$ cat work_28.cif   # mmCIF, C-alpha atoms
data_work
#
loop_
_atom_site.label_atom_id
_atom_site.label_comp_id
_atom_site.auth_asym_id
_atom_site.auth_seq_id
_atom_site.Cartn_x
_atom_site.Cartn_y
_atom_site.Cartn_z
CA ILE X 467 64.31 77.91 7.47
CA VAL X 468 62.65 81.15 8.57
CA THR X 469 63.66 84.24 10.54
CA GLY X 470 62.24 84.88 14.00
CA ILE X 471 62.06 88.14 15.93
CA ILE X 472 62.38 87.95 19.72
CA LEU X 473 59.93 89.96 21.81
CA ARG X 474 60.45 90.29 25.57
CA GLU X 475 59.11 92.33 28.46
CA GLU X 476 61.91 94.88 28.45
CA GLU X 477 62.19 98.43 29.68
CA VAL X 478 64.82 101.05 28.88
CA VAL X 479 65.96 102.95 31.98
CA TYR X 480 67.05 106.61 31.75
CA THR X 481 69.42 108.59 33.96
CA PRO X 482 67.73 111.21 36.18
CA ARG X 483 70.57 113.75 35.77
CA ALA X 484 73.72 114.42 33.79
CA GLY X 485 77.13 113.05 34.70
CA TYR X 486 79.78 110.40 34.17
CA LEU X 487 78.52 106.84 34.70
CA ASN X 488 80.10 103.78 36.26
CA TYR X 489 78.27 100.43 36.15
CA TYR X 490 78.35 97.74 38.83
CA LEU X 491 76.58 94.82 37.13
CA SER X 492 77.66 92.57 34.28
CA ASP X 493 75.58 92.19 31.15
CA SER X 494 72.84 89.54 31.58
CA GLU X 495 73.16 89.70 35.38
CA ARG X 496 70.07 89.48 37.56
CA VAL X 497 69.36 92.45 39.78
CA ALA X 498 67.08 92.71 42.80
CA LYS X 499 64.88 95.68 43.56
CA ASN X 500 66.84 98.53 45.23
CA HIS X 501 70.20 97.00 44.23
CA ALA X 502 72.94 99.33 42.93
CA VAL X 503 73.19 99.32 39.11
CA TYR X 504 75.32 102.37 38.34
CA SER X 505 76.57 105.65 39.77
CA ILE X 506 76.56 109.24 38.49
CA ASP X 507 79.53 111.54 39.04
CA GLU X 508 78.75 115.10 37.92
CA SER X 509 82.32 116.38 38.04
CA ARG X 510 84.22 113.08 37.56
CA ASP X 511 86.25 113.97 40.67
CA THR X 512 85.13 110.84 42.51
CA TYR X 513 85.95 108.72 39.45
CA ASP X 514 89.48 110.16 39.40
CA ILE X 515 89.89 109.34 43.09
CA LEU X 516 88.64 105.79 42.60
CA THR X 517 90.96 105.17 39.64
CA ALA X 518 94.01 106.96 41.05
CA ASP X 519 95.54 103.76 42.40
CA ALA X 520 93.73 101.32 40.12
CA GLY X 521 96.53 100.94 37.58
CA SER X 522 95.77 98.95 34.47
CA VAL X 523 92.84 96.57 34.24
CA THR X 524 93.84 92.99 35.02
CA LEU X 525 91.64 90.41 33.31
CA THR X 526 91.00 87.16 35.14
CA ASP X 527 91.33 83.77 33.47
CA SER X 528 87.54 83.68 33.30
CA ASP X 529 87.48 87.08 31.55
CA ILE X 530 90.06 85.96 28.99
CA SER X 531 88.24 82.69 28.37
CA SER X 532 84.97 84.54 27.85
CA ILE X 533 86.56 86.91 25.31
CA GLN X 534 88.18 83.97 23.50
CA ASP X 535 84.79 82.24 23.25
CA MET X 536 83.23 85.43 21.86
CA ILE X 537 85.93 85.74 19.18
CA PHE X 538 85.72 82.05 18.29
CA SER X 539 81.93 82.24 17.85
CA PHE X 540 82.33 85.40 15.79
CA ARG X 541 84.86 83.75 13.46
CA GLU X 542 82.64 80.70 13.02
CA ASP X 543 79.54 82.70 12.13
CA PHE X 544 81.00 85.72 10.34
CA SER X 545 79.83 86.53 6.83
CA SER X 546 81.00 89.50 4.76
CA LEU X 547 77.33 90.00 3.89
CA ASP X 548 76.77 91.06 7.51
CA TYR X 549 79.80 93.27 8.17
CA SER X 550 78.02 95.15 10.95
CA ALA X 551 78.77 92.11 13.15
CA VAL X 552 82.35 93.39 13.33
CA TYR X 553 81.18 96.44 15.25
CA GLU X 554 79.01 94.30 17.50
CA ILE X 555 81.91 92.03 18.51
CA LYS X 556 84.06 95.10 19.16
CA ASP X 557 81.39 96.53 21.46
CA ASP X 558 80.98 93.18 23.24
CA ILE X 559 84.72 92.91 23.94
CA MET X 560 84.94 96.50 25.17
CA ILE X 561 81.96 95.87 27.46
CA GLN X 562 83.74 92.83 28.90
CA ILE X 563 86.83 94.92 29.68
CA GLN X 564 84.76 97.81 31.02
CA GLU X 565 82.93 95.41 33.35
CA ARG X 566 86.24 94.37 34.90
CA LEU X 567 87.21 98.02 35.40
CA ASP X 568 83.85 98.83 36.95
CA LEU X 569 84.14 95.92 39.39
CA ASN X 570 87.51 97.31 40.51
CA LEU X 571 85.88 100.71 40.95
CA LEU X 572 83.10 99.19 43.05
CA GLU X 573 85.67 97.73 45.46
CA ASN X 574 87.39 101.11 45.75
CA LEU X 575 84.00 102.81 46.16
CA THR X 576 83.21 100.67 49.20
CA VAL X 577 86.53 101.61 50.81
CA LEU X 578 86.06 105.32 50.07
CA SER X 579 82.50 105.30 51.44
CA ASP X 580 83.66 103.70 54.69
CA THR X 581 86.59 106.10 55.19
CA ALA X 582 86.32 109.58 53.67
CA GLY X 583 82.67 109.51 52.61
CA LEU X 584 81.21 110.40 49.20
CA PRO X 585 80.77 113.94 47.80
CA SER X 586 77.32 115.32 47.05
CA SER X 587 78.06 115.32 43.31
CA PHE X 588 78.24 111.51 43.41
CA GLU X 589 75.11 109.34 43.55
CA VAL X 590 74.56 105.59 43.37
CA ILE X 591 71.40 104.68 41.40
CA THR X 592 69.47 101.53 42.32
CA SER X 593 66.99 99.47 40.34
CA GLU X 594 63.32 100.23 40.93
CA GLN X 595 62.35 96.62 40.21
CA SER X 596 63.95 93.22 39.83
CA GLY X 597 64.96 91.79 36.46
CA ILE X 598 67.87 91.03 34.17
CA VAL X 599 70.19 93.85 33.10
CA THR X 600 71.51 94.30 29.57
CA TYR X 601 73.32 97.18 27.91
CA TYR X 602 71.99 97.68 24.39
CA MET X 603 68.89 99.07 22.75
CA ASP X 604 67.61 98.65 19.19
CA GLY X 605 64.21 100.30 19.00
CA TYR X 606 62.31 97.00 19.28
CA GLU X 607 61.84 97.32 23.05
CA GLU X 608 58.22 98.48 22.97
CA MET X 609 57.24 96.56 19.86
CA THR X 610 54.32 94.14 20.09
CA ARG X 611 53.44 91.39 17.66
CA ASP X 612 50.79 93.66 16.10
CA ASP X 613 53.53 96.18 15.24
CA ILE X 614 55.55 93.62 13.28
CA THR X 615 55.35 93.60 9.49
CA GLY X 616 57.34 91.83 6.82
CA ALA X 617 59.74 94.81 6.74
CA SER X 618 60.61 94.24 10.42
CA PHE X 619 62.60 91.16 9.42
CA ASP X 620 65.09 93.13 7.28
CA THR X 621 68.30 92.40 9.20
CA GLU X 622 70.40 94.57 6.86
CA SER X 623 68.70 97.75 8.12
CA TYR X 624 68.82 96.60 11.76
CA SER X 625 71.10 98.47 14.14
CA ARG X 626 71.69 98.45 17.88
CA THR X 627 73.28 100.93 20.26
CA SER X 628 75.59 100.06 23.14
CA LEU X 629 74.47 101.88 26.30
CA ARG X 630 77.50 101.14 28.44
CA GLY X 631 80.32 103.67 28.33
CA SER X 632 82.38 106.04 30.47
CA GLU X 633 81.57 109.21 28.50
CA ILE X 634 79.36 111.88 30.03
CA LYS X 635 75.60 111.33 29.69
CA GLU X 636 72.97 114.02 29.43
CA SER X 637 69.97 113.98 31.76
CA GLY X 638 67.30 111.64 30.38
CA SER X 639 69.79 109.51 28.40
CA PRO X 640 69.21 105.73 28.20
CA VAL X 641 71.68 103.93 30.47
CA TYR X 642 70.60 100.29 30.63
CA LYS X 643 67.74 97.94 29.79
CA LEU X 644 65.84 95.75 32.24
CA VAL X 645 64.09 92.53 31.20
CA THR X 646 61.37 91.87 33.76
CA SER X 647 60.00 88.44 32.81
CA GLU X 648 61.22 85.02 31.74
CA ASN X 649 58.27 84.82 29.32
CA TRP X 650 59.12 85.72 25.72
CA GLN X 651 57.90 85.25 22.17
CA ILE X 652 59.40 84.42 18.80
CA ILE X 653 57.50 85.91 15.86
CA MET X 654 58.21 83.98 12.65
CA ASN X 655 57.57 85.30 9.17
CA LEU X 656 55.92 82.50 7.13
CA THR X 657 55.01 81.90 3.54
CA GLU X 658 51.36 81.22 2.78
CA GLU X 659 52.18 77.53 2.28
CA GLN X 660 53.87 77.30 5.69
CA TYR X 661 51.01 79.21 7.31
CA LEU X 662 48.40 76.79 5.95
CA TYR X 663 50.52 73.78 6.98
CA PHE X 664 50.62 74.85 10.66
CA LEU X 665 47.23 76.61 10.78
CA ASP X 666 45.32 73.98 12.78
CA ARG X 667 48.08 73.36 15.34
CA SER X 668 48.19 74.71 18.89
CA SER X 669 51.83 73.75 19.45
CA ILE X 670 54.92 73.55 17.28
CA THR X 671 58.36 71.93 17.33
CA PHE X 672 61.28 73.75 15.75
CA THR X 673 65.06 74.08 15.97
CA ILE X 674 66.89 77.30 16.85
CA LEU X 675 69.84 77.01 14.49
CA ASP X 676 72.05 79.41 16.47
CA ASP X 677 72.75 76.62 18.95
CA GLU X 678 70.81 73.65 17.53
CA ARG X 679 68.27 73.80 20.37
CA GLU X 680 65.04 71.91 19.69
CA VAL X 681 61.98 73.56 21.22
CA THR X 682 58.33 72.54 21.56
CA CYS X 683 55.94 75.28 22.66
CA ASP X 684 52.51 76.84 22.17
CA VAL X 685 51.97 78.63 18.87
CA GLU X 686 49.37 81.00 17.44
CA LEU X 687 49.06 81.62 13.70
CA TYR X 688 47.80 84.97 12.45
CA GLN X 689 47.69 87.10 9.33
CA GLN X 690 48.18 90.84 8.87
CA GLY X 691 47.44 92.12 5.40
CA THR X 692 49.39 89.95 2.99
CA ASP X 693 51.89 88.83 5.67
CA TYR X 694 51.66 85.52 7.57
CA PHE X 695 53.09 84.96 11.02
CA ALA X 696 53.50 82.37 13.77
CA CYS X 697 53.81 83.52 17.38
CA ALA X 698 55.65 80.97 19.53
CA SER X 699 55.35 81.57 23.30
CA LEU X 700 58.12 80.33 25.63
CA ASP X 701 58.90 80.52 29.34
CA ARG X 702 62.41 79.03 29.25
CA TYR X 703 65.79 79.81 27.64
CA MET X 704 65.14 83.56 27.42
CA ILE X 705 68.43 84.60 29.03
CA GLN X 706 70.42 82.46 26.55
CA TYR X 707 69.28 84.77 23.74
CA LEU X 708 69.32 88.06 25.63
CA ASP X 709 71.87 89.55 23.23
CA ARG X 710 69.87 88.51 20.14
CA ARG X 711 66.90 90.08 18.40
CA PHE X 712 66.78 87.73 15.41
CA LEU X 713 67.00 83.93 15.33
CA LYS X 714 67.26 81.47 12.47
CA ILE X 715 64.50 78.87 12.90
CA GLU X 716 64.22 75.51 11.17
CA LEU X 717 60.66 74.26 10.84
CA ALA X 718 60.15 70.54 10.30
CA ILE X 719 57.83 70.23 7.32
CA ASN X 720 57.55 66.78 5.66
CA ALA X 721 60.74 65.71 7.40
CA GLU X 722 61.99 62.12 7.43
CA GLU X 723 64.66 60.58 9.66
CA GLY X 724 66.35 57.20 9.56
#

$ encode --input "work_28.cif" --output "structure tokens"
Amino acid sequence: IVTGIILREEEVVYTPRAGYLNYYLSDSERVAKNHAVYSIDESRDTYDILTADAGSVTLTDSDISSIQDMIFSFREDFSSLDYSAVYEIKDDIMIQIQERLDLNLLENLTVLSDTAGLPSSFEVITSEQSGIVTYYMDGYEEMTRDDITGASFDTESYSRTSLRGSEIKESGSPVYKLVTSENWQIIMNLTEEQYLYFLDRSSITFTILDDEREVTCDVELYQQGTDYFACASLDRYMIQYLDRRFLKIELAINAEEG
């Protein structure tokens, strides 16, 4: 069993000016070019108008089911050795609730635009290209396989930042992340023995233990200094692991079944 780091074609998007943000897309949702992603309200006056009659957030049965699934998965996988997961599940639940609020705001925004019009301090920002939206960053966004070392696999020092929130953002602040391709890579940290075992192969079969998915794909073995790596290239399943940076991988070496 080895650890894999996920590399994608992902781009962090920054706000062009300061203000309060409201988002109009769910995490992992596909967005077309020129589609509304979020809005900026410099004074928060428009936000107050939109929420004046909103009342409390009402979660749908689908919302509740999704949150229950998140909590169940968290309880199944939780280890006190990785306590930071507590903060991640908290952020994920708050994002789910915030998404429902933002969808209510979008409905009110459409009504306000058609009736009274929108003030100049309010601006809807659209996506400059198509892709898949997600709302966290972790510093691995621009990393290539050549940047990865053995130290990159230290999950205890890993941290991620939630980008979605209703607090005021300064100009140039990161606001969301856009994944622009279905192609992705898993970089696995190997021992020398494992490296030599797979060295002459052009493809590899392994199991992603997070969901017991068996995958066969192209692989390239390479060495950097005293570290050994396998780079597995995939063009499917990327969106299923959009909220992950690390995966537990089981490599079949001298395996017998029956």

$ resolve_selection --input "work_28.cif" --expression "the PyMOL selection byres ((chain X and resi 709) around 9)" --output "list in words"
Ser494, Thr600, Tyr602, Ile705, Gln706, Tyr707, Leu708, Arg710 and Arg711 of chain X

$ closest_residue --input "work_28.cif" --among "X:Arg496, X:Arg630, X:Arg667, X:Arg483" --to "Thr646 in chain X" --atoms "only C-alpha atoms"
X:Arg496

$ resolve_selection --input "work_28.cif" --expression "the PyMOL selection byres ((chain X and resi 616) around 12)" --output "MDAnalysis selection string"
chainID X and resid 469:471 611:615 617:621 653:657 689:695

$ residues_around --input "work_28.cif" --residues "Asp507 in chain X" --least-positions-apart "4" --cutoff "6 Å" --atoms "all atoms listed in the file" --output "compact mmCIF listing (two decimals) with C-alpha atoms, keeping the file's coordinate frame"
# COMPACT_ATOMS: atom_id res chain seq x y z
CA GLY X 485 77.13 113.05 34.70
CA TYR X 486 79.78 110.40 34.17
CA SER X 587 78.06 115.32 43.31
CA PHE X 588 78.24 111.51 43.41

$ closest_residue --input "work_28.cif" --among "X:Ile472, X:Ile506, X:Ile561, X:Leu662" --to "Ala698 in chain X" --atoms "all atoms listed in the file"
X:Ile472

$ atom_distance --input "work_28.cif" --atom1 "CA of Asp493 in chain X" --atom2 "CA of Lys643 in chain X"
9.8 Å

$ decode --input "work_28.cif" --residues "range 643-664 of chain X" --atoms "N, CA and C atoms" --output "short mmCIF file (atom, residue, chain, number, x, y, z; two decimals), in the first residue's frame"
data_model
loop_
_atom_site.label_atom_id
_atom_site.label_comp_id
_atom_site.auth_asym_id
_atom_site.auth_seq_id
_atom_site.Cartn_x
_atom_site.Cartn_y
_atom_site.Cartn_z
N LYS X 643 -11.64 27.71 -7.49
CA LYS X 643 -10.66 26.99 -8.30
C LYS X 643 -11.39 26.32 -9.46
N LEU X 644 -10.76 26.36 -10.63
CA LEU X 644 -11.36 25.78 -11.83
C LEU X 644 -10.47 24.67 -12.36
N VAL X 645 -11.03 23.48 -12.49
CA VAL X 645 -10.32 22.35 -13.08
C VAL X 645 -10.73 22.28 -14.54
N THR X 646 -9.77 22.34 -15.44
CA THR X 646 -10.07 22.57 -16.86
C THR X 646 -9.90 21.33 -17.74
N SER X 647 -9.60 20.17 -17.16
CA SER X 647 -9.42 18.97 -17.97
C SER X 647 -9.80 17.73 -17.18
N GLU X 648 -10.29 16.73 -17.88
CA GLU X 648 -10.61 15.45 -17.25
C GLU X 648 -9.35 14.60 -17.08
N ASN X 649 -8.25 14.99 -17.72
CA ASN X 649 -7.00 14.25 -17.60
C ASN X 649 -6.34 14.58 -16.26
N TRP X 650 -5.83 13.57 -15.57
CA TRP X 650 -5.18 13.79 -14.29
C TRP X 650 -4.14 12.71 -14.05
N GLN X 651 -3.32 12.91 -13.04
CA GLN X 651 -2.23 11.98 -12.74
C GLN X 651 -2.23 11.64 -11.25
N ILE X 652 -1.77 10.44 -10.97
CA ILE X 652 -1.51 10.03 -9.59
C ILE X 652 -0.01 9.72 -9.49
N ILE X 653 0.69 10.47 -8.66
CA ILE X 653 2.12 10.25 -8.44
C ILE X 653 2.27 9.40 -7.19
N MET X 654 2.86 8.23 -7.33
CA MET X 654 3.03 7.30 -6.20
C MET X 654 4.48 7.26 -5.76
N ASN X 655 4.67 7.28 -4.47
CA ASN X 655 6.00 7.21 -3.88
C ASN X 655 6.34 5.74 -3.63
N LEU X 656 7.37 5.21 -4.30
CA LEU X 656 7.69 3.78 -4.25
C LEU X 656 8.99 3.54 -3.49
N THR X 657 9.10 2.33 -3.00
CA THR X 657 10.40 1.87 -2.51
C THR X 657 11.24 1.45 -3.71
N GLU X 658 12.52 1.24 -3.50
CA GLU X 658 13.38 0.81 -4.60
C GLU X 658 12.94 -0.56 -5.12
N GLU X 659 12.51 -1.43 -4.21
CA GLU X 659 12.06 -2.77 -4.62
C GLU X 659 10.82 -2.67 -5.51
N GLN X 660 9.86 -1.84 -5.11
CA GLN X 660 8.65 -1.66 -5.92
C GLN X 660 8.99 -1.03 -7.26
N TYR X 661 9.88 -0.08 -7.26
CA TYR X 661 10.31 0.60 -8.49
C TYR X 661 10.89 -0.40 -9.48
N LEU X 662 11.77 -1.28 -9.02
CA LEU X 662 12.40 -2.26 -9.90
C LEU X 662 11.37 -3.29 -10.40
N TYR X 663 10.38 -3.60 -9.57
CA TYR X 663 9.36 -4.58 -9.95
C TYR X 663 8.54 -4.08 -11.14
N PHE X 664 8.19 -2.78 -11.14
CA PHE X 664 7.33 -2.22 -12.18
C PHE X 664 8.11 -1.53 -13.30
#
